[in-house]
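Here's the structure we're looking at; comments come further down.
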Amino acid sequence: MNILRLGACAMALTWLGCARTEPIEIPGLEDTRLSDGTCPTIHCNTYQTDALPLRGPEAPTQALDQEAIDHLWSSPIAGGILDYQYPDGTTVFWVSQVDRIMKLRLDEGNRLQKITEFPIEPKKFPRFSPEDMQQVVAKLDAAKVGTEEYDELADEWNGYQVEGLRAYYAMVSNKGILYVSNRNGVVAYGDAEPGNPDSKIVKLGQYVFEKLKLQLRLKMPLPIMIGMNVTPDGKIIAVTIDGTVVAIEPDLSKAVYYTLTDEQIWNSVAVDDDGGIYVPGTRKLHKIVWKGDRFSDDPKDGAWVEAYEIGSLDETLRAERGSGTTPALLGGPDDDDKFVVFADAANVNNLILYWRDEIPADWKRIPGTSSRRIAGLLPVNFGDASLDNSYSENSATIFDYGAVLANNQVKTNEKMWLDVQLKMKDPARTPSGIQKFQWDPDKREWKVAWTRPDVSSPNSTPVVTTENRQLHTVGLKDGTWTMQTLDWDTGATRAVYTLGRSERYNPIMLALQVLPNGDPIFATFAGVMHLRIGSTAASQDEASKP
């Protein structure tokens with residue numbers, strides 16, 4: 001049993017901040033290592049790979065009927081469908097949203113069931129009940145995409161993506177505690193009756209970021225959280241737009257801060273097994289190292305900094321935010337070659353492969369690159385050498401020395417705010433293209449493995465199921481939302497599952513996930529979508545027949 005207490009502030013090279021919260025008993029906060037679930041955090045693991053060690057759906061191509069589409073209506077935007085298994089074997093899915101925290105599970109018929117929810121007071125928008133969202137979606141679906149009527153309905157949601165910063169980043173610990181971003185801090189939620197999956201949800205505590213001098217220079221009223229991860233020793237790592245990296249104690253009592261020089265941060269971070277933290281600044285990629293009680297940027301500890309290319313479109317189209325991708329780690333603990341994969345901010349993005357630890361002594365700098373640390377650099381052009389503009393907002397999907405990026409550049413070059421995402425079905429806006437890159441360890445070469453310019457994954461990170469080597473995407477085909485499964489090795493289509501034209505299927509920049517039974521599940525504009533097409537789902541249907 002831990003007692004959450006106010007921590008004392010102290011100045012240091014990397015300084016300590018105070019939590020602002022009331023003392024409360026919190027069991028389990030001595031450890032924030034991730035749950036053993038399939039996907040306990042955004043991108044599913046600290047490497048940020050979106051790789052799941054299970055089999056994905058193998059049903060043939062089909063239009064899914066309402067029996068297969070299991071939709072739990074709720075409000076927009078969620079920080080993933082994060083799973084935790086209780087001691088009695090019950091698996092619960094924690095879902096963080098702007099206006100509520102939910103616990104879900106699958107019932108005996110393999111359908112989503114809400115156990116309970118904890119309401120959160122909204123800021124600028126109201127709370128949206130399931131009935132509210134059904135009405136919102138019905139109006140959008142009744143209007144014709146591209147018309148003034150449709151645009152007015154979609155425009156009402158401009159700004160909700162900022163509200164979403166209170167929900168996008170979350171993780172579940174191995175003690176079953178949910179940690180959620182709250183724009184300017186981290187909030188912990190758990191069970192009123194610890195160990196009981198049917199328990200009500202309670203707020204356990206909160207850490208509020210201290211205001212730093214750097215924010216005053218950047219004229220930001222609050223430090224706004226933009227990413228979350230966890231170190232091997234269980235410290236919560238949060239990053240904020242003003243360029244700050246924060247290591248927060250599991251009991252939320254105090255934190256250590258590190259600030260980047262003259263940079264902001266607009267993406268989350270990857271963390272390796274030795275405490276290396278890969279931080280995407282708006283001009284440089286930084287590796288800093290967590291030393292148990294402090295951050296180090298000393299090369300002797302393995303830290304480094306690498307500038308990346310910034311194109312003219314970064315200022316004119318991308319608000320000078322630099323790279324759009326969260327770094328992802330390629331190469332596991334037992335692999336000889338270990339890298340970090342990251343897209344730059346060139347007009348046509350390059351996917352860059354950096355040696356993440358010591359550079360091999362015999363490695364020679366690749367001609368045309370800026371550093372020996374670069375092991376590979378290739379344009380993300382989806383097979384079109386004449387392309388003059390590409391941009392990826394989602395991080396690369398990583399497995400087996402391969403990395404996949406999808407095209408998130410709206411054809412109209414509009415910012416990917418929520419109102420624009422609700423207009424994505426308009427062919428004049430829909431981006432298309434998926435490309436896989438591969439490291440060849442024998443030739444020590446970074447190359448293009450395959451391209452699919454015809455496949456659209458416009459606003460959702462794909463996921464790979466490693467046991468049957470499938471890449472899964474949610475995208476658009478002729479204005480209809482689909483889930484498509486590709487062969488990881490060849491890019492060939494294995495199956496296309498047609499969902500429908502309704503905006504209830506729109507994943508709005510959130511990652512697809514797959515459950516152990518092979519069923520896909522993902523958060524959408526209107527709640528949580530569960531597709532009953534895995535092997536276990538089919539067998540349960542057969543068993544339930546009289």
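Here, A, B, ... name the chains of the structure tokens in the order displayed, residue numbers run from 1 inside each chain, and ligands are numbered from 1 in the same displayed order.
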Per residue of region 150-215 of chain A within 12 Å of region 406-418 of chain A, which atom pair is closest and at what distance in Å (one decimal), using only C-alpha atoms, listed by chain and increasing number, as a Markdown table?
```
| residue | atom | partner | partner_atom | distance |
| --- | --- | --- | --- | --- |
| A:Asp151 | CA | A:Leu418 | CA | 11.9 |
| A:Leu153 | CA | A:Leu418 | CA | 11.6 |
| A:Ala154 | CA | A:Leu418 | CA | 8.0 |
| A:Asp155 | CA | A:Leu418 | CA | 8.4 |
| A:Glu156 | CA | A:Leu418 | CA | 9.4 |
| A:Trp157 | CA | A:Leu418 | CA | 6.1 |
| A:Asn158 | CA | A:Leu418 | CA | 5.8 |
| A:Gly159 | CA | A:Leu418 | CA | 7.3 |
| A:Tyr160 | CA | A:Leu418 | CA | 6.7 |
| A:Gln161 | CA | A:Leu418 | CA | 5.8 |
| A:Val162 | CA | A:Trp417 | CA | 8.9 |
| A:Glu163 | CA | A:Leu418 | CA | 10.6 |
| A:Gly164 | CA | A:Leu418 | CA | 9.8 |
```
In region 79-308 of chain A, what's strand (DSSP E or B) per DSSP? Answer as JSON, numbers by chain? {"A": [82, 83, 84, 85, 91, 92, 93, 94, 95, 96, 97, 100, 101, 102, 103, 104, 105, 106, 112, 113, 114, 115, 116, 117, 118, 119, 170, 171, 172, 173, 178, 179, 180, 181, 185, 186, 187, 188, 189, 190, 191, 201, 202, 203, 204, 205, 206, 207, 208, 225, 226, 227, 228, 229, 230, 236, 237, 238, 239, 240, 244, 245, 246, 247, 248, 254, 255, 256, 257, 258, 259, 265, 270, 271, 276, 277, 278, 279, 280, 281, 284, 285, 286, 287, 288, 289, 290, 295, 296, 304, 305, 306, 307]}
With only C-alpha atoms as the atoms that count, which of A:Ile265, A:Ile352, A:Leu329, A:Val448 lies nearest to Asn45 (chain A)? A:Leu329
For the structure I just gave you, how does DSSP split region 285-374 of chain A - specifically, which residues are helix (DSSP H, G or I)? Reply as a tab-separated table (two decimals) with C-alpha atoms, in the first residue's frame.
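Result file out.tsv:
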```tsv
chain	number	residue	atom	x	y	z
A	299	PRO	CA	27.54	10.81	-25.39
A	300	LYS	CA	29.47	8.75	-22.83
A	301	ASP	CA	26.10	7.45	-21.63
A	313	LEU	CA	6.35	22.96	-46.84
A	314	ASP	CA	7.09	22.62	-43.13
A	315	GLU	CA	6.40	26.32	-42.72
A	316	THR	CA	3.69	26.81	-45.34
```
Would you mind listing what lies within 9 Å of region 95-100 of chain A as JSON, numbers by chain, with only C-alpha atoms counted and same-chain residues fewer than 6 positions away left out? {"A": [74, 75, 76, 77, 78, 79, 80, 81, 82, 117, 118, 119, 120, 121, 122, 123, 126, 127, 128, 163, 164, 165, 166, 167, 168, 169, 170, 178, 180, 523, 528]}
May I have the selected residues written with N, CA and C atoms, as a PDB file, in the first residue's frame?
```
ATOM      1  N   SER A  74     -20.179   5.590 -28.283  1.00  0.00           N
ATOM      2  CA  SER A  74     -19.657   6.461 -27.238  1.00  0.00           C
ATOM      3  C   SER A  74     -19.125   7.721 -27.904  1.00  0.00           C
ATOM      4  N   SER A  75     -18.475   8.582 -27.118  1.00  0.00           N
ATOM      5  CA  SER A  75     -18.001   9.863 -27.629  1.00  0.00           C
ATOM      6  C   SER A  75     -16.730   9.699 -28.461  1.00  0.00           C
ATOM      7  N   PRO A  76     -16.339  10.739 -29.210  1.00  0.00           N
ATOM      8  CA  PRO A  76     -15.175  10.641 -30.106  1.00  0.00           C
ATOM      9  C   PRO A  76     -13.843  10.599 -29.368  1.00  0.00           C
ATOM     10  N   ILE A  77     -12.855  10.036 -30.043  1.00  0.00           N
ATOM     11  CA  ILE A  77     -11.441  10.040 -29.662  1.00  0.00           C
ATOM     12  C   ILE A  77     -11.183   9.201 -28.404  1.00  0.00           C
ATOM     13  N   ALA A  78     -10.227   8.292 -28.506  1.00  0.00           N
ATOM     14  CA  ALA A  78      -9.849   7.450 -27.368  1.00  0.00           C
ATOM     15  C   ALA A  78      -8.369   7.119 -27.462  1.00  0.00           C
ATOM     16  N   GLY A  79      -7.750   6.969 -26.307  1.00  0.00           N
ATOM     17  CA  GLY A  79      -6.339   6.626 -26.260  1.00  0.00           C
ATOM     18  C   GLY A  79      -6.112   5.128 -26.343  1.00  0.00           C
ATOM     19  N   GLY A  80      -6.733   4.478 -27.320  1.00  0.00           N
ATOM     20  CA  GLY A  80      -6.559   3.044 -27.509  1.00  0.00           C
ATOM     21  C   GLY A  80      -7.577   2.225 -26.736  1.00  0.00           C
ATOM     22  N   ILE A  81      -7.555   0.913 -26.971  1.00  0.00           N
ATOM     23  CA  ILE A  81      -8.392  -0.063 -26.253  1.00  0.00           C
ATOM     24  C   ILE A  81      -7.394  -0.914 -25.474  1.00  0.00           C
ATOM     25  N   LEU A  82      -7.102  -0.533 -24.254  1.00  0.00           N
ATOM     26  CA  LEU A  82      -5.931  -1.030 -23.523  1.00  0.00           C
ATOM     27  C   LEU A  82      -6.328  -2.149 -22.571  1.00  0.00           C
ATOM     28  N   GLU A 117     -18.403   3.295 -16.273  1.00  0.00           N
ATOM     29  CA  GLU A 117     -17.678   4.449 -16.784  1.00  0.00           C
ATOM     30  C   GLU A 117     -17.572   5.510 -15.699  1.00  0.00           C
ATOM     31  N   PHE A 118     -16.541   6.337 -15.826  1.00  0.00           N
ATOM     32  CA  PHE A 118     -16.280   7.428 -14.891  1.00  0.00           C
ATOM     33  C   PHE A 118     -16.384   8.731 -15.673  1.00  0.00           C
ATOM     34  N   PRO A 119     -17.362   9.596 -15.366  1.00  0.00           N
ATOM     35  CA  PRO A 119     -17.532  10.825 -16.153  1.00  0.00           C
ATOM     36  C   PRO A 119     -16.431  11.843 -15.878  1.00  0.00           C
ATOM     37  N   ILE A 120     -16.021  12.550 -16.921  1.00  0.00           N
ATOM     38  CA  ILE A 120     -15.041  13.626 -16.825  1.00  0.00           C
ATOM     39  C   ILE A 120     -15.704  14.904 -17.311  1.00  0.00           C
ATOM     40  N   GLU A 121     -15.478  15.985 -16.609  1.00  0.00           N
ATOM     41  CA  GLU A 121     -16.093  17.257 -16.987  1.00  0.00           C
ATOM     42  C   GLU A 121     -15.418  17.807 -18.239  1.00  0.00           C
ATOM     43  N   PRO A 122     -16.163  18.014 -19.321  1.00  0.00           N
ATOM     44  CA  PRO A 122     -15.559  18.550 -20.542  1.00  0.00           C
ATOM     45  C   PRO A 122     -15.118  20.003 -20.359  1.00  0.00           C
ATOM     46  N   LYS A 123     -14.354  20.485 -21.344  1.00  0.00           N
ATOM     47  CA  LYS A 123     -13.906  21.877 -21.318  1.00  0.00           C
ATOM     48  C   LYS A 123     -14.810  22.718 -22.222  1.00  0.00           C
ATOM     49  N   PRO A 126     -19.593  19.761 -24.982  1.00  0.00           N
ATOM     50  CA  PRO A 126     -20.429  19.032 -24.017  1.00  0.00           C
ATOM     51  C   PRO A 126     -20.053  17.560 -23.960  1.00  0.00           C
ATOM     52  N   ARG A 127     -20.595  16.859 -22.976  1.00  0.00           N
ATOM     53  CA  ARG A 127     -20.482  15.403 -22.963  1.00  0.00           C
ATOM     54  C   ARG A 127     -21.446  14.856 -24.009  1.00  0.00           C
ATOM     55  N   PHE A 128     -21.014  13.793 -24.696  1.00  0.00           N
ATOM     56  CA  PHE A 128     -21.832  13.202 -25.754  1.00  0.00           C
ATOM     57  C   PHE A 128     -22.274  11.803 -25.342  1.00  0.00           C
ATOM     58  N   GLU A 163      -9.275  19.139 -27.654  1.00  0.00           N
ATOM     59  CA  GLU A 163      -9.859  18.454 -26.506  1.00  0.00           C
ATOM     60  C   GLU A 163      -9.296  17.034 -26.390  1.00  0.00           C
ATOM     61  N   GLY A 164      -9.019  16.441 -27.551  1.00  0.00           N
ATOM     62  CA  GLY A 164      -8.532  15.064 -27.572  1.00  0.00           C
ATOM     63  C   GLY A 164      -7.198  14.862 -26.897  1.00  0.00           C
ATOM     64  N   LEU A 165      -6.443  15.942 -26.682  1.00  0.00           N
ATOM     65  CA  LEU A 165      -5.173  15.818 -25.962  1.00  0.00           C
ATOM     66  C   LEU A 165      -5.383  15.366 -24.526  1.00  0.00           C
ATOM     67  N   ARG A 166      -6.613  15.409 -24.052  1.00  0.00           N
ATOM     68  CA  ARG A 166      -6.941  14.889 -22.725  1.00  0.00           C
ATOM     69  C   ARG A 166      -7.216  13.389 -22.760  1.00  0.00           C
ATOM     70  N   ALA A 167      -7.068  12.758 -23.932  1.00  0.00           N
ATOM     71  CA  ALA A 167      -7.428  11.337 -24.028  1.00  0.00           C
ATOM     72  C   ALA A 167      -6.481  10.526 -24.894  1.00  0.00           C
ATOM     73  N   TYR A 168      -5.760  11.169 -25.817  1.00  0.00           N
ATOM     74  CA  TYR A 168      -4.984  10.428 -26.815  1.00  0.00           C
ATOM     75  C   TYR A 168      -3.907   9.530 -26.209  1.00  0.00           C
ATOM     76  N   TYR A 169      -3.303   9.955 -25.110  1.00  0.00           N
ATOM     77  CA  TYR A 169      -2.151   9.223 -24.575  1.00  0.00           C
ATOM     78  C   TYR A 169      -2.523   8.558 -23.257  1.00  0.00           C
ATOM     79  N   ALA A 170      -2.367   7.239 -23.226  1.00  0.00           N
ATOM     80  CA  ALA A 170      -2.755   6.485 -22.037  1.00  0.00           C
ATOM     81  C   ALA A 170      -1.983   5.180 -21.995  1.00  0.00           C
ATOM     82  N   LEU A 178      -4.782   2.760 -14.792  1.00  0.00           N
ATOM     83  CA  LEU A 178      -4.773   3.515 -16.036  1.00  0.00           C
ATOM     84  C   LEU A 178      -4.180   4.895 -15.800  1.00  0.00           C
ATOM     85  N   VAL A 180      -3.500   8.506 -17.728  1.00  0.00           N
ATOM     86  CA  VAL A 180      -4.035   9.222 -18.883  1.00  0.00           C
ATOM     87  C   VAL A 180      -3.488  10.641 -18.908  1.00  0.00           C
ATOM     88  N   ALA A 523     -10.832   2.299 -31.907  1.00  0.00           N
ATOM     89  CA  ALA A 523     -11.658   3.433 -31.526  1.00  0.00           C
ATOM     90  C   ALA A 523     -12.045   4.210 -32.779  1.00  0.00           C
ATOM     91  N   VAL A 528     -16.386   2.564 -29.984  1.00  0.00           N
ATOM     92  CA  VAL A 528     -15.439   1.455 -30.140  1.00  0.00           C
ATOM     93  C   VAL A 528     -16.032   0.449 -31.122  1.00  0.00           C
TER      94      VAL A 528
END
```
May I have a table of the residues of region 415-504 of chain A lying at most 10 Å from region 335-338 of chain A, giving each one's closest pair of atoms and their distance in Å to one decimal, counting only C-alpha atoms, ordered by chain and ascending residue number, as a tab-separated table?
```
residue	atom	partner	partner_atom	distance
A:Trp439	CA	A:Asp337	CA	9.4
A:Pro441	CA	A:Asp337	CA	7.4
A:Arg444	CA	A:Asp337	CA	9.2
```
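The environment of region 35-37 of chain A within 6 Å, counting only C-alpha atoms and disregarding residues fewer than 2 places along the same chain, consists of Cys39, Pro40, Asp83, Tyr84, Val172, Ser173 and Asn174 of chain A.
When only C-alpha atoms are used to measure the gap to Gln421 (chain A), the shortest distance among A:Ala247, A:Ile237, A:Ala192, A:Val145 belongs to A:Val145.
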Pick the closest to Val455 (chain A) from A:Gly433, A:Pro379, A:Gly322, A:Pro280: which is it, counting only C-alpha atoms? A:Gly433
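Minimum distance to Asp70 (chain A) across A:Ile277, A:Leu317, A:Met483, A:Ile521 (counting only C-alpha atoms) occurs at A:Ile521.
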Atom-to-atom span, CA of Val202 (chain A) and CA of Met133 (chain A), Å: 25.2 Å
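The neighbours of Pro60 (chain A) here are the residues that come within 10 Å of it, using only C-alpha atoms and leaving out any residue fewer than 6 positions away in the same chain; they are Arg494, Ala495, Val496, Tyr497 and Ile533 of chain A.
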Excluding same-chain residues fewer than 2 positions from Tyr278 (chain A), what lies within 10 Å of it counting only C-alpha atoms, as a ChimeraX atom specification? /A:47,268-272,275-276,280-281,285-289,303-305,326-329,340,342,356
So that I have them on file, write out the residues from the current selection with N, CA and C atoms, as an mmCIF file, in the first residue's frame.
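This went into again_32.cif:
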```cif
data_model
loop_
_atom_site.group_PDB
_atom_site.id
_atom_site.type_symbol
_atom_site.label_atom_id
_atom_site.label_comp_id
_atom_site.auth_asym_id
_atom_site.auth_seq_id
_atom_site.Cartn_x
_atom_site.Cartn_y
_atom_site.Cartn_z
ATOM 1 N N TYR A 47 8.554 0.174 -27.613
ATOM 2 C CA TYR A 47 9.264 0.366 -28.881
ATOM 3 C C TYR A 47 8.411 1.117 -29.907
ATOM 4 N N SER A 268 5.047 11.579 -29.846
ATOM 5 C CA SER A 268 5.420 10.821 -28.665
ATOM 6 C C SER A 268 6.838 10.275 -28.804
ATOM 7 N N VAL A 269 7.268 9.454 -27.856
ATOM 8 C CA VAL A 269 8.647 8.987 -27.779
ATOM 9 C C VAL A 269 8.694 7.458 -27.713
ATOM 10 N N ALA A 270 9.810 6.907 -28.163
ATOM 11 C CA ALA A 270 10.092 5.485 -27.990
ATOM 12 C C ALA A 270 11.106 5.318 -26.871
ATOM 13 N N VAL A 271 11.056 4.166 -26.187
ATOM 14 C CA VAL A 271 11.977 3.879 -25.075
ATOM 15 C C VAL A 271 12.547 2.481 -25.275
ATOM 16 N N ASP A 272 13.880 2.347 -25.157
ATOM 17 C CA ASP A 272 14.497 1.038 -25.329
ATOM 18 C C ASP A 272 14.713 0.342 -23.993
ATOM 19 N N GLY A 275 16.919 2.243 -21.145
ATOM 20 C CA GLY A 275 16.585 3.593 -20.721
ATOM 21 C C GLY A 275 16.828 4.660 -21.767
ATOM 22 N N GLY A 276 17.184 4.266 -22.993
ATOM 23 C CA GLY A 276 17.315 5.232 -24.071
ATOM 24 C C GLY A 276 15.944 5.752 -24.477
ATOM 25 N N PRO A 280 11.476 13.222 -30.574
ATOM 26 C CA PRO A 280 11.424 13.915 -31.863
ATOM 27 C C PRO A 280 11.209 15.415 -31.714
ATOM 28 N N GLY A 281 12.273 16.186 -31.737
ATOM 29 C CA GLY A 281 12.126 17.631 -31.743
ATOM 30 C C GLY A 281 11.674 18.123 -33.106
ATOM 31 N N LEU A 285 16.348 14.907 -34.004
ATOM 32 C CA LEU A 285 15.983 13.716 -33.249
ATOM 33 C C LEU A 285 17.003 13.555 -32.130
ATOM 34 N N HIS A 286 16.504 13.437 -30.908
ATOM 35 C CA HIS A 286 17.372 13.369 -29.729
ATOM 36 C C HIS A 286 17.274 11.990 -29.089
ATOM 37 N N LYS A 287 18.416 11.446 -28.713
ATOM 38 C CA LYS A 287 18.431 10.311 -27.808
ATOM 39 C C LYS A 287 18.986 10.800 -26.477
ATOM 40 N N ILE A 288 18.136 10.765 -25.444
ATOM 41 C CA ILE A 288 18.616 11.026 -24.093
ATOM 42 C C ILE A 288 18.471 9.726 -23.304
ATOM 43 N N VAL A 289 19.157 9.628 -22.192
ATOM 44 C CA VAL A 289 19.217 8.367 -21.453
ATOM 45 C C VAL A 289 18.757 8.589 -20.012
ATOM 46 N N ALA A 303 24.007 8.946 -25.345
ATOM 47 C CA ALA A 303 23.108 9.961 -25.897
ATOM 48 C C ALA A 303 23.673 10.525 -27.201
ATOM 49 N N TRP A 304 22.773 11.033 -28.037
ATOM 50 C CA TRP A 304 23.183 11.693 -29.282
ATOM 51 C C TRP A 304 22.066 12.594 -29.799
ATOM 52 N N VAL A 305 22.409 13.458 -30.749
ATOM 53 C CA VAL A 305 21.454 14.362 -31.390
ATOM 54 C C VAL A 305 21.758 14.382 -32.876
ATOM 55 N N THR A 326 6.053 9.587 -34.671
ATOM 56 C CA THR A 326 6.709 9.132 -33.455
ATOM 57 C C THR A 326 7.838 8.170 -33.835
ATOM 58 N N PRO A 327 9.031 8.292 -33.263
ATOM 59 C CA PRO A 327 10.097 7.325 -33.561
ATOM 60 C C PRO A 327 9.667 5.916 -33.155
ATOM 61 N N ALA A 328 10.125 4.929 -33.911
ATOM 62 C CA ALA A 328 9.853 3.525 -33.591
ATOM 63 C C ALA A 328 11.168 2.762 -33.652
ATOM 64 N N LEU A 329 11.300 1.753 -32.799
ATOM 65 C CA LEU A 329 12.558 1.008 -32.706
ATOM 66 C C LEU A 329 12.491 -0.268 -33.523
ATOM 67 N N VAL A 340 16.633 3.109 -34.812
ATOM 68 C CA VAL A 340 15.416 3.873 -34.599
ATOM 69 C C VAL A 340 14.982 4.387 -35.976
ATOM 70 N N PHE A 342 12.474 6.835 -38.313
ATOM 71 C CA PHE A 342 11.909 8.166 -38.111
ATOM 72 C C PHE A 342 11.776 8.849 -39.468
ATOM 73 N N ARG A 356 20.971 3.092 -33.365
ATOM 74 C CA ARG A 356 20.511 3.703 -32.126
ATOM 75 C C ARG A 356 21.521 3.605 -30.985
#
```
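Between CA of Val420 (chain A) and CA of Met529 (chain A) there is a distance of 21.0 Å.
Counting only C-alpha atoms, the residue from A:Val92, A:Val348, A:Leu531, A:Leu387 that sits nearest to Arg105 (chain A) is A:Val92.
Distance check against Gly518 (chain A) using only C-alpha atoms: of A:Ile359, A:Leu204, A:Ala343, A:Val464, the minimum falls on A:Val464.
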